[in-house]
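Engineer: My file is upload18.cif. It has mmCIF, C-alpha atoms:
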```cif
data_protein
loop_
_atom_site.group_PDB
_atom_site.id
_atom_site.type_symbol
_atom_site.label_atom_id
_atom_site.label_comp_id
_atom_site.auth_asym_id
_atom_site.auth_seq_id
_atom_site.Cartn_x
_atom_site.Cartn_y
_atom_site.Cartn_z
ATOM 1 C CA MET A 10 0.000 0.000 0.000
ATOM 2 C CA THR A 11 2.837 2.378 0.866
ATOM 3 C CA GLY A 12 4.408 1.703 -2.525
ATOM 4 C CA TRP A 13 1.236 2.674 -4.364
ATOM 5 C CA LEU A 14 0.781 5.817 -2.278
ATOM 6 C CA ASP A 15 4.366 6.824 -2.948
ATOM 7 C CA ALA A 16 3.825 6.232 -6.689
ATOM 8 C CA LEU A 17 0.768 8.506 -6.642
ATOM 9 C CA ILE A 18 2.607 11.266 -4.802
ATOM 10 C CA GLN A 19 5.613 11.049 -7.122
ATOM 11 C CA GLY A 20 3.240 11.101 -10.102
ATOM 12 C CA VAL A 21 1.675 14.356 -8.964
ATOM 13 C CA LEU A 22 5.138 15.874 -8.411
ATOM 14 C CA LEU A 23 6.301 14.708 -11.846
ATOM 15 C CA GLY A 24 3.127 16.199 -13.282
ATOM 16 C CA GLY A 25 4.281 19.596 -12.029
ATOM 17 C CA LEU A 26 7.346 19.365 -14.266
ATOM 18 C CA TYR A 27 5.248 18.352 -17.274
ATOM 19 C CA ALA A 28 2.855 21.222 -16.562
ATOM 20 C CA LEU A 29 5.796 23.634 -16.671
ATOM 21 C CA PHE A 30 6.887 22.104 -19.985
ATOM 22 C CA ALA A 31 3.356 22.546 -21.338
ATOM 23 C CA ALA A 32 2.402 25.987 -19.983
ATOM 24 C CA GLY A 33 4.473 27.917 -22.522
ATOM 25 C CA LEU A 34 3.175 25.777 -25.378
ATOM 26 C CA SER A 35 -0.412 26.306 -24.201
ATOM 27 C CA LEU A 36 0.155 30.050 -23.959
ATOM 28 C CA ILE A 37 1.472 30.363 -27.497
ATOM 29 C CA PHE A 38 -1.223 28.194 -29.024
ATOM 30 C CA GLY A 39 -3.923 29.994 -27.056
ATOM 31 C CA VAL A 40 -2.883 33.462 -28.218
ATOM 32 C CA MET A 41 -1.766 32.949 -31.818
ATOM 33 C CA ARG A 42 -2.672 29.339 -32.728
ATOM 34 C CA LEU A 43 1.010 28.644 -33.324
ATOM 35 C CA VAL A 44 2.173 25.031 -33.013
ATOM 36 C CA ASN A 45 5.801 25.493 -31.992
ATOM 37 C CA LEU A 46 7.754 22.371 -32.912
ATOM 38 C CA ALA A 47 10.909 23.911 -31.431
ATOM 39 C CA HIS A 48 9.352 24.222 -27.966
ATOM 40 C CA GLY A 49 11.230 21.268 -26.469
ATOM 41 C CA ASP A 50 14.537 22.434 -27.919
ATOM 42 C CA LEU A 51 13.920 25.923 -26.533
ATOM 43 C CA ILE A 52 13.552 24.375 -23.068
ATOM 44 C CA VAL A 53 16.926 22.682 -23.546
ATOM 45 C CA LEU A 54 18.423 25.934 -24.875
ATOM 46 C CA ALA A 55 17.192 27.739 -21.766
ATOM 47 C CA ALA A 56 18.695 25.019 -19.557
ATOM 48 C CA PHE A 57 22.076 25.557 -21.204
ATOM 49 C CA ALA A 58 21.643 29.325 -20.795
ATOM 50 C CA VAL A 59 21.115 28.904 -17.048
ATOM 51 C CA LEU A 60 24.094 26.516 -16.971
ATOM 52 C CA VAL A 61 26.348 29.074 -18.663
ATOM 53 C CA VAL A 62 25.223 31.952 -16.435
ATOM 54 C CA ALA A 63 25.673 29.832 -13.310
ATOM 55 C CA GLY A 64 29.099 28.592 -14.445
ATOM 56 C CA LYS A 65 30.524 31.897 -15.686
ATOM 57 C CA LEU A 66 29.344 33.950 -12.712
ATOM 58 C CA GLY A 67 29.704 31.235 -10.083
ATOM 59 C CA LEU A 68 26.053 31.479 -9.084
ATOM 60 C CA ASP A 69 23.542 29.001 -7.744
ATOM 61 C CA PRO A 70 21.072 27.995 -10.501
ATOM 62 C CA PHE A 71 18.188 29.576 -8.548
ATOM 63 C CA VAL A 72 20.046 32.902 -8.724
ATOM 64 C CA ALA A 73 21.321 32.372 -12.269
ATOM 65 C CA VAL A 74 17.775 31.861 -13.553
ATOM 66 C CA LEU A 75 16.862 35.380 -12.366
ATOM 67 C CA ILE A 76 19.542 36.729 -14.714
ATOM 68 C CA ALA A 77 18.568 34.389 -17.534
ATOM 69 C CA LEU A 78 14.845 35.253 -17.394
ATOM 70 C CA PRO A 79 15.030 38.800 -18.856
ATOM 71 C CA ILE A 80 17.585 37.650 -21.442
ATOM 72 C CA LEU A 81 15.317 34.836 -22.627
ATOM 73 C CA PHE A 82 12.311 37.193 -22.621
ATOM 74 C CA VAL A 83 14.130 39.508 -25.040
ATOM 75 C CA ILE A 84 15.185 36.558 -27.221
ATOM 76 C CA GLY A 85 11.599 35.298 -27.359
ATOM 77 C CA PHE A 86 10.227 38.758 -28.146
ATOM 78 C CA ALA A 87 12.779 39.264 -30.938
ATOM 79 C CA LEU A 88 12.277 35.773 -32.370
ATOM 80 C CA GLN A 89 8.548 36.328 -32.708
ATOM 81 C CA TYR A 90 8.739 39.932 -33.886
ATOM 82 C CA VAL A 91 11.497 39.455 -36.446
ATOM 83 C CA LEU A 92 10.903 35.897 -37.690
ATOM 84 C CA LEU A 93 7.748 34.093 -36.637
ATOM 85 C CA ASN A 94 5.336 36.988 -37.230
ATOM 86 C CA ARG A 95 6.267 36.762 -40.903
ATOM 87 C CA THR A 96 4.968 33.182 -41.067
ATOM 88 C CA LEU A 97 1.527 33.864 -39.580
ATOM 89 C CA GLY A 98 -1.409 34.366 -41.914
ATOM 90 C CA ARG A 99 -4.798 32.940 -42.711
ATOM 91 C CA ASP A 100 -3.280 29.496 -43.220
ATOM 92 C CA LEU A 101 -1.621 29.343 -39.814
ATOM 93 C CA LEU A 102 -0.327 25.806 -39.708
ATOM 94 C CA PRO A 103 2.014 24.999 -42.657
ATOM 95 C CA PRO A 104 4.507 27.962 -42.600
ATOM 96 C CA PRO A 105 4.985 28.084 -38.800
ATOM 97 C CA LEU A 106 5.348 24.309 -38.659
ATOM 98 C CA LEU A 107 8.115 24.385 -41.241
ATOM 99 C CA VAL A 108 9.899 27.349 -39.668
ATOM 100 C CA THR A 109 9.765 25.998 -36.112
ATOM 101 C CA PHE A 110 10.855 22.562 -37.348
ATOM 102 C CA GLY A 111 13.862 24.206 -38.982
ATOM 103 C CA LEU A 112 14.489 26.191 -35.802
ATOM 104 C CA SER A 113 14.460 22.941 -33.826
ATOM 105 C CA ILE A 114 17.163 21.467 -36.049
ATOM 106 C CA ILE A 115 19.262 24.652 -35.839
ATOM 107 C CA ILE A 116 19.066 24.740 -32.032
ATOM 108 C CA GLN A 117 19.975 21.060 -31.662
ATOM 109 C CA ASN A 118 22.963 21.255 -33.978
ATOM 110 C CA GLY A 119 24.109 24.584 -32.568
ATOM 111 C CA LEU A 120 24.073 23.208 -29.026
ATOM 112 C CA LEU A 121 25.901 20.084 -30.172
ATOM 113 C CA GLN A 122 28.620 22.231 -31.731
ATOM 114 C CA ILE A 123 29.016 24.385 -28.628
ATOM 115 C CA PHE A 124 28.474 21.912 -25.786
ATOM 116 C CA SER A 125 29.020 18.531 -27.516
ATOM 117 C CA ALA A 126 26.720 15.563 -26.847
ATOM 118 C CA ASP A 127 27.847 15.194 -23.234
ATOM 119 C CA SER A 128 25.137 15.251 -20.588
ATOM 120 C CA GLN A 129 25.028 18.281 -18.308
ATOM 121 C CA ARG A 130 23.407 18.954 -14.929
ATOM 122 C CA LEU A 131 22.549 22.050 -12.909
ATOM 123 C CA ARG A 132 24.118 21.781 -9.463
ATOM 124 C CA SER A 133 22.573 23.473 -6.450
ATOM 125 C CA GLY A 134 24.198 21.721 -3.515
ATOM 126 C CA ALA A 135 22.342 20.019 -0.681
ATOM 127 C CA ILE A 136 18.873 20.970 -1.913
ATOM 128 C CA GLU A 137 19.215 18.448 -4.748
ATOM 129 C CA THR A 138 19.053 15.512 -2.314
ATOM 130 C CA ALA A 139 17.014 17.155 0.463
ATOM 131 C CA SER A 140 13.625 15.629 1.238
ATOM 132 C CA VAL A 141 10.587 16.166 3.428
ATOM 133 C CA SER A 142 9.228 13.215 5.387
ATOM 134 C CA LEU A 143 5.477 12.664 5.176
ATOM 135 C CA GLY A 144 5.482 9.793 7.648
ATOM 136 C CA GLY A 145 4.845 6.122 7.048
ATOM 137 C CA GLY A 146 8.157 5.721 5.273
ATOM 138 C CA ILE A 147 7.189 8.191 2.532
ATOM 139 C CA ALA A 148 9.322 11.220 1.699
ATOM 140 C CA VAL A 149 9.217 13.762 -1.108
ATOM 141 C CA GLY A 150 12.214 15.549 -2.561
ATOM 142 C CA VAL A 151 12.456 19.274 -2.018
ATOM 143 C CA VAL A 152 13.225 19.970 -5.691
ATOM 144 C CA PRO A 153 10.202 17.980 -7.002
ATOM 145 C CA LEU A 154 8.034 19.758 -4.425
ATOM 146 C CA LEU A 155 9.363 23.143 -5.528
ATOM 147 C CA THR A 156 8.684 22.124 -9.128
ATOM 148 C CA LEU A 157 5.007 21.487 -8.395
ATOM 149 C CA LEU A 158 4.660 24.703 -6.367
ATOM 150 C CA SER A 159 6.333 26.651 -9.172
ATOM 151 C CA ALA A 160 3.979 25.091 -11.732
ATOM 152 C CA ILE A 161 0.951 26.120 -9.670
ATOM 153 C CA SER A 162 2.394 29.628 -9.230
ATOM 154 C CA VAL A 163 3.034 29.960 -12.975
ATOM 155 C CA ILE A 164 -0.523 28.867 -13.793
ATOM 156 C CA VAL A 165 -1.962 31.326 -11.255
ATOM 157 C CA LEU A 166 0.151 34.187 -12.641
ATOM 158 C CA LEU A 167 -0.753 33.374 -16.248
ATOM 159 C CA ASN A 168 -4.435 33.384 -15.349
ATOM 160 C CA LEU A 169 -4.057 36.725 -13.545
ATOM 161 C CA ILE A 170 -2.257 38.201 -16.546
ATOM 162 C CA PHE A 171 -4.852 36.884 -18.995
ATOM 163 C CA TYR A 172 -7.977 37.824 -17.065
ATOM 164 C CA ARG A 173 -6.964 40.789 -14.860
ATOM 165 C CA THR A 174 -4.648 42.981 -16.965
ATOM 166 C CA PRO A 175 -4.927 45.133 -20.127
ATOM 167 C CA ILE A 176 -2.296 43.043 -21.905
ATOM 168 C CA GLY A 177 -4.324 39.960 -21.051
ATOM 169 C CA ARG A 178 -7.405 41.493 -22.642
ATOM 170 C CA ALA A 179 -5.339 42.140 -25.763
ATOM 171 C CA PHE A 180 -4.155 38.511 -25.717
ATOM 172 C CA ARG A 181 -7.753 37.274 -25.514
ATOM 173 C CA ALA A 182 -8.968 39.715 -28.160
ATOM 174 C CA THR A 183 -6.363 38.609 -30.702
ATOM 175 C CA SER A 184 -7.096 34.984 -29.893
ATOM 176 C CA ASP A 185 -10.874 35.380 -30.317
ATOM 177 C CA ASP A 186 -10.918 37.477 -33.497
ATOM 178 C CA LEU A 187 -7.716 38.685 -35.097
ATOM 179 C CA GLU A 188 -9.328 41.062 -37.605
ATOM 180 C CA VAL A 189 -11.593 42.746 -35.058
ATOM 181 C CA ALA A 190 -8.621 43.167 -32.721
ATOM 182 C CA GLN A 191 -6.718 44.939 -35.497
ATOM 183 C CA LEU A 192 -9.706 47.194 -36.206
ATOM 184 C CA MET A 193 -9.741 48.152 -32.525
ATOM 185 C CA GLY A 194 -6.156 49.389 -32.845
ATOM 186 C CA ILE A 195 -4.308 46.444 -31.321
ATOM 187 C CA ASP A 196 -0.800 45.956 -32.717
ATOM 188 C CA ILE A 197 -0.947 42.192 -33.161
ATOM 189 C CA ARG A 198 2.749 41.919 -34.065
ATOM 190 C CA ARG A 199 3.687 43.431 -30.698
ATOM 191 C CA ILE A 200 1.064 41.390 -28.839
ATOM 192 C CA PHE A 201 2.314 38.158 -30.392
ATOM 193 C CA ALA A 202 5.906 39.113 -29.535
ATOM 194 C CA LEU A 203 4.948 39.842 -25.926
ATOM 195 C CA ALA A 204 3.188 36.471 -25.734
ATOM 196 C CA MET A 205 6.298 34.705 -27.020
ATOM 197 C CA GLY A 206 8.500 36.616 -24.592
ATOM 198 C CA LEU A 207 6.211 35.567 -21.733
ATOM 199 C CA ALA A 208 6.324 31.982 -22.989
ATOM 200 C CA PHE A 209 10.132 32.130 -22.913
ATOM 201 C CA VAL A 210 9.966 33.181 -19.263
ATOM 202 C CA VAL A 211 7.888 30.073 -18.509
ATOM 203 C CA ILE A 212 10.248 27.973 -20.624
ATOM 204 C CA THR A 213 13.223 29.208 -18.576
ATOM 205 C CA ILE A 214 11.532 28.265 -15.304
ATOM 206 C CA ALA A 215 10.805 24.817 -16.736
ATOM 207 C CA ALA A 216 14.435 24.562 -17.858
ATOM 208 C CA LEU A 217 15.669 25.283 -14.329
ATOM 209 C CA TYR A 218 13.808 22.308 -12.886
ATOM 210 C CA LEU A 219 14.647 20.093 -15.859
ATOM 211 C CA GLY A 220 18.337 20.713 -15.189
ATOM 212 C CA LEU A 221 18.020 20.212 -11.426
ATOM 213 C CA ARG A 222 16.047 16.968 -11.663
ATOM 214 C CA ALA A 223 17.853 15.153 -14.468
ATOM 215 C CA ASN A 224 20.752 15.248 -16.872
ATOM 216 C CA PHE A 225 20.147 17.024 -20.161
ATOM 217 C CA ASP A 226 21.878 17.177 -23.514
ATOM 218 C CA PRO A 227 21.178 18.886 -26.868
ATOM 219 C CA THR A 228 19.132 15.978 -28.255
ATOM 220 C CA ILE A 229 16.386 15.612 -25.637
ATOM 221 C CA GLY A 230 14.203 18.477 -26.876
ATOM 222 C CA PRO A 231 11.753 16.418 -29.002
ATOM 223 C CA ALA A 232 10.850 14.214 -26.027
ATOM 224 C CA ARG A 233 10.113 17.312 -23.880
ATOM 225 C CA LEU A 234 7.945 18.632 -26.725
ATOM 226 C CA LEU A 235 6.006 15.357 -26.795
ATOM 227 C CA TYR A 236 5.319 15.466 -23.051
ATOM 228 C CA ALA A 237 4.278 19.116 -23.281
ATOM 229 C CA PHE A 238 1.994 18.437 -26.243
ATOM 230 C CA GLU A 239 0.339 15.500 -24.513
ATOM 231 C CA ALA A 240 -0.234 17.517 -21.332
ATOM 232 C CA VAL A 241 -1.829 20.355 -23.323
ATOM 233 C CA ILE A 242 -4.126 17.999 -25.246
ATOM 234 C CA ILE A 243 -5.124 16.046 -22.132
ATOM 235 C CA GLY A 244 -5.957 19.233 -20.240
ATOM 236 C CA GLY A 245 -7.707 21.004 -23.099
ATOM 237 C CA LEU A 246 -6.402 23.575 -25.572
ATOM 238 C CA GLY A 247 -6.290 27.099 -24.182
ATOM 239 C CA SER A 248 -6.923 26.155 -20.543
ATOM 240 C CA PHE A 249 -4.040 26.855 -18.154
ATOM 241 C CA TRP A 250 -5.596 24.939 -15.263
ATOM 242 C CA GLY A 251 -6.317 22.172 -17.752
ATOM 243 C CA THR A 252 -2.624 22.166 -18.648
ATOM 244 C CA LEU A 253 -1.741 21.628 -14.984
ATOM 245 C CA ALA A 254 -4.301 18.813 -14.765
ATOM 246 C CA GLY A 255 -2.957 17.308 -17.999
ATOM 247 C CA GLY A 256 0.589 17.327 -16.669
ATOM 248 C CA ILE A 257 -0.513 15.611 -13.466
ATOM 249 C CA VAL A 258 -2.523 12.975 -15.369
ATOM 250 C CA LEU A 259 0.526 12.260 -17.531
ATOM 251 C CA GLY A 260 2.830 12.113 -14.504
ATOM 252 C CA LEU A 261 0.478 9.795 -12.618
ATOM 253 C CA ALA A 262 0.151 7.474 -15.610
ATOM 254 C CA GLN A 263 3.935 7.209 -15.918
ATOM 255 C CA THR A 264 4.653 6.564 -12.235
ATOM 256 C CA ILE A 265 1.811 4.036 -11.921
ATOM 257 C CA GLY A 266 3.046 2.288 -15.060
ATOM 258 C CA ALA A 267 6.596 2.256 -13.682
ATOM 259 C CA HIS A 268 5.333 0.851 -10.371
ATOM 260 C CA ILE A 269 3.734 -2.059 -12.230
ATOM 261 C CA ASP A 270 6.728 -2.592 -14.508
ATOM 262 C CA PRO A 271 9.633 -0.145 -15.028
ATOM 263 C CA GLU A 272 9.496 -0.786 -18.766
ATOM 264 C CA TRP A 273 5.921 0.524 -18.902
ATOM 265 C CA GLN A 274 6.655 4.043 -17.637
ATOM 266 C CA ILE A 275 6.754 5.944 -20.927
ATOM 267 C CA LEU A 276 4.209 3.666 -22.619
ATOM 268 C CA ALA A 277 1.689 4.204 -19.805
ATOM 269 C CA GLY A 278 1.833 7.967 -20.341
ATOM 270 C CA HIS A 279 1.183 7.612 -24.071
ATOM 271 C CA LEU A 280 -1.711 5.216 -23.397
ATOM 272 C CA ALA A 281 -3.275 7.690 -20.959
ATOM 273 C CA PHE A 282 -3.014 10.357 -23.651
ATOM 274 C CA LEU A 283 -4.757 8.108 -26.191
ATOM 275 C CA VAL A 284 -7.521 7.171 -23.740
ATOM 276 C CA VAL A 285 -8.296 10.820 -22.975
ATOM 277 C CA LEU A 286 -8.162 11.667 -26.679
ATOM 278 C CA VAL A 287 -10.728 8.957 -27.456
ATOM 279 C CA LEU A 288 -13.075 9.738 -24.552
ATOM 280 C CA ARG A 289 -12.664 13.546 -24.484
ATOM 281 C CA PRO A 290 -11.303 14.744 -27.850
ATOM 282 C CA ARG A 291 -11.335 18.369 -26.643
ATOM 283 C CA GLY A 292 -9.480 17.486 -23.447
ATOM 284 C CA LEU A 293 -10.586 17.371 -19.832
ATOM 285 C CA PHE A 294 -11.005 21.131 -19.404
ATOM 286 C CA PRO A 295 -11.337 22.844 -22.797
ATOM 287 C CA ARG A 296 -11.249 26.629 -22.810
ATOM 288 C CA ALA A 297 -14.941 26.962 -23.685
ATOM 289 C CA GLN A 298 -15.807 25.355 -20.363
ATOM 290 C CA ASP A 299 -13.540 27.592 -18.223
#
```
Please express what this file holds, its structure, as structure tokens.

Structural biologist:
Amino acid sequence: MTGWLDALIQGVLLGGLYALFAAGLSLIFGVMRLVNLAHGDLIVLAAFAVLVVAGKLGLDPFVAVLIALPILFVIGFALQYVLLNRTLGRDLLPPPLLVTFGLSIIIQNGLLQIFSADSQRLRSGAIETASVSLGGGIAVGVVPLLTLLSAISVIVLLNLIFYRTPIGRAFRATSDDLEVAQLMGIDIRRIFALAMGLAFVVITIAALYLGLRANFDPTIGPARLLYAFEAVIIGGLGSFWGTLAGGIVLGLAQTIGAHIDPEWQILAGHLAFLVVLVLRPRGLFPRAQD
């Protein structure tokens, strides 16, 4: 019984990481209907950025990420404003898919040239192995717990931005009707760039916990994209709370599958995704039901 309870707890904590992976993807799709195939590689790029800042300045990763956040925001803003805005039109899918696929390849090969294929890890001292006892022989790691709390905080902040601020109203207006938003004087190029910059902030937070919890290398981006995509679809497109729920469902499926048989971990997550897709094609909490 203790083993199953521990698996459930670890699944929820793992779901926090997947929710962080997915939140930026959900944000971008919700605002501009852009399917970013480079999303996973951008998470890895951000992890290497935090690694470089921490290494060059001799900082703890939790401090280094505070320096990396504004840098990645500017990169995201510029990427959208200069490049990706040119690909958006009435036929939204084909051009952005091709461009972001090419961007994914460029990022992977660029990181391989700079950092080689060796695995890297963000080091933060004793906190990496610290744990909190829940009693009954069950303990949770401090870093996984911080990951879940950070995921919840990110979702809360995104909802506040979207539903309580002028920029959030502009995000929702462009998402609901692009042409009407333009007629009302909204600069959609700037709004899209701000959305991408905000997504890069979320990506950097996700990268911090990716690097603290596991080794990473330039080639793992596509797998992070897959987990993020599955979490978004499970939760429901455009729903931030749904994204958190989708990440937790995916995490629970993987840890329960691993508890039954270690070889089933990844497969169990994919099966959970397929089951939800069959039973609820629009996800568990689609935006229309928010």

Engineer: Could you list, as JSON, numbers by chain, every residue within 10 Å of A:Gln117, counting only C-alpha atoms and ignoring same-chain residues fewer than 6 positions away?

Structural biologist: {"A": [47, 50, 51, 53, 54, 126, 226, 227, 228, 229, 230, 231]}

Engineer: Write out, as a PDB file, in the coordinates of the input, the residues just selected, with C-alpha atoms.

Structural biologist:
```pdb
ATOM      1  CA  ALA A  47      10.909  23.911 -31.431  1.00  0.00           C
ATOM      2  CA  ASP A  50      14.537  22.434 -27.919  1.00  0.00           C
ATOM      3  CA  LEU A  51      13.920  25.923 -26.533  1.00  0.00           C
ATOM      4  CA  VAL A  53      16.926  22.682 -23.546  1.00  0.00           C
ATOM      5  CA  LEU A  54      18.423  25.934 -24.875  1.00  0.00           C
ATOM      6  CA  ALA A 126      26.720  15.563 -26.847  1.00  0.00           C
ATOM      7  CA  ASP A 226      21.878  17.177 -23.514  1.00  0.00           C
ATOM      8  CA  PRO A 227      21.178  18.886 -26.868  1.00  0.00           C
ATOM      9  CA  THR A 228      19.132  15.978 -28.255  1.00  0.00           C
ATOM     10  CA  ILE A 229      16.386  15.612 -25.637  1.00  0.00           C
ATOM     11  CA  GLY A 230      14.203  18.477 -26.876  1.00  0.00           C
ATOM     12  CA  PRO A 231      11.753  16.418 -29.002  1.00  0.00           C
TER      13      PRO A 231
END
```

Engineer: Put a box with edges along x, y and z around all the listed atoms of stretch 173-191 of chain A, pad it by 8 Å on each side, then give me its centre and sizes in Å, one decimal, as JSON.

Structural biologist:
```
{"center_x": -6.9, "center_y": 40.1, "center_z": -26.2, "size_x": 25.3, "size_y": 26.1, "size_z": 38.7}
```

Engineer: Name every residue that the PyMOL selection byres ((chain A and resi 156) around 8) selects in this structure, writing the answer as a JSON list (two decimals) with C-alpha atoms, keeping the file's coordinate frame with chains first and numbers rising.

Structural biologist:
```json
[["chain", "number", "residue", "atom", "x", "y", "z"],
["A", 22, "LEU", "CA", 5.14, 15.87, -8.41],
["A", 25, "GLY", "CA", 4.28, 19.60, -12.03],
["A", 26, "LEU", "CA", 7.35, 19.36, -14.27],
["A", 152, "VAL", "CA", 13.22, 19.97, -5.69],
["A", 153, "PRO", "CA", 10.20, 17.98, -7.00],
["A", 154, "LEU", "CA", 8.03, 19.76, -4.42],
["A", 155, "LEU", "CA", 9.36, 23.14, -5.53],
["A", 157, "LEU", "CA", 5.01, 21.49, -8.40],
["A", 158, "LEU", "CA", 4.66, 24.70, -6.37],
["A", 159, "SER", "CA", 6.33, 26.65, -9.17],
["A", 160, "ALA", "CA", 3.98, 25.09, -11.73],
["A", 218, "TYR", "CA", 13.81, 22.31, -12.89]]
```

Engineer: From the set A:Phe171, A:Phe124, A:Phe86, A:Phe282, which residue has the shortest atom-to-atom contact distance to A:Tyr236, counting all atoms listed in the file?

Structural biologist: A:Phe282

Engineer: Restricting the calculation to all atoms listed in the file, which member of A:Ser140, A:Gln129, A:Ser35, A:Thr252 is positioned closest to A:Ala223?

Structural biologist: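 Smallest distance to A:Ala223 is found for A:Gln129.
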
Engineer: My list of candidates is A:Gly150, A:Gly278, A:Gly251, A:Gly244. Which is closest to A:Ile18 when distances are computed with only C-alpha atoms?

Structural biologist: A:Gly150

Engineer: Using all atoms listed in the file, can you list as a ChimeraX atom specification the residues within 7 Å of (18.4, 22.2, -21.0)?

Structural biologist: /A:52-57,216,219-220,225-226

Engineer: How many Å lie between atom CA of A:Gly20 and atom CA of A:Ala148, rounded to one decimal?

Structural biologist: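 Atom CA of A:Ala148 lies 13.3 Å from atom CA of A:Gly20.
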
Engineer: What is the atom CA of A:Gln89 to atom CA of A:Phe201 distance in Å?

Structural biologist: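 About the pair atom CA of A:Gln89 and atom CA of A:Phe201: they are 6.9 Å apart.
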
Engineer: Tell me, in Å to one decimal, how far atom CA of A:Leu93 is from atom CA of A:Ile116.

Structural biologist: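 These two atoms are separated by 15.4 Å.
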
Engineer: List, as a tab-separated table (two decimals) with C-alpha atoms, keeping the file's coordinate frame, every residue that the PyMOL selection byres ((chain A and resi 59) around 7) selects in the file provided.

Structural biologist:
```tsv
chain	number	residue	atom	x	y	z
A	55	ALA	CA	17.19	27.74	-21.77
A	56	ALA	CA	18.70	25.02	-19.56
A	57	PHE	CA	22.08	25.56	-21.20
A	58	ALA	CA	21.64	29.32	-20.80
A	60	LEU	CA	24.09	26.52	-16.97
A	61	VAL	CA	26.35	29.07	-18.66
A	62	VAL	CA	25.22	31.95	-16.43
A	63	ALA	CA	25.67	29.83	-13.31
A	70	PRO	CA	21.07	28.00	-10.50
A	73	ALA	CA	21.32	32.37	-12.27
A	74	VAL	CA	17.77	31.86	-13.55
A	77	ALA	CA	18.57	34.39	-17.53
```

Engineer: Please list, as a ChimeraX atom specification, the residues that have an atom at most 9 Å away from (0.3, 17.6, -18.0) in the coordinates of this file, counting all atoms listed in the file.

Structural biologist: /A:24-32,236-244,251-260

Engineer: Calculated over all atoms listed in the file, which of the candidates A:Asn45, A:Gln191, A:Gln19, A:Ser128 has the smallest distance to A:Pro105?

Structural biologist: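 Result for the nearest residue to A:Pro105: A:Asn45.
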
Engineer: With all atoms listed in the file as the basis for distance, which of A:Gly206, A:Val284, A:Val91, A:Gly247 is at the shortest distance from A:Ser184?

Structural biologist: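 Of the candidates, the smallest distance to A:Ser184 is held by A:Gly247.
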
Engineer: Tell me which residues the PyMOL selection byres ((chain A and resi 170) around 12) grabs here, as a PyMOL selection string.

Structural biologist: chain A and resi 36+163-169+171-181+203-204+207+249

Engineer: Give the answer as one residue: which of A:Leu246, A:Val149, A:Ala215, A:Leu112 has the shortest atom-to-atom distance to A:Arg233, using all atoms listed in the file?

Structural biologist: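 Using all atoms listed in the file, A:Arg233 sits closest to A:Ala215.
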
Engineer: Write out as an MDAnalysis selection string the residues lying within 12 Å of A:Val72, counting only C-alpha atoms and excluding same-chain residues fewer than 3 positions away.

Structural biologist: chainID A and resid 59:60 62:64 66:69 75:78 131:133 214 217
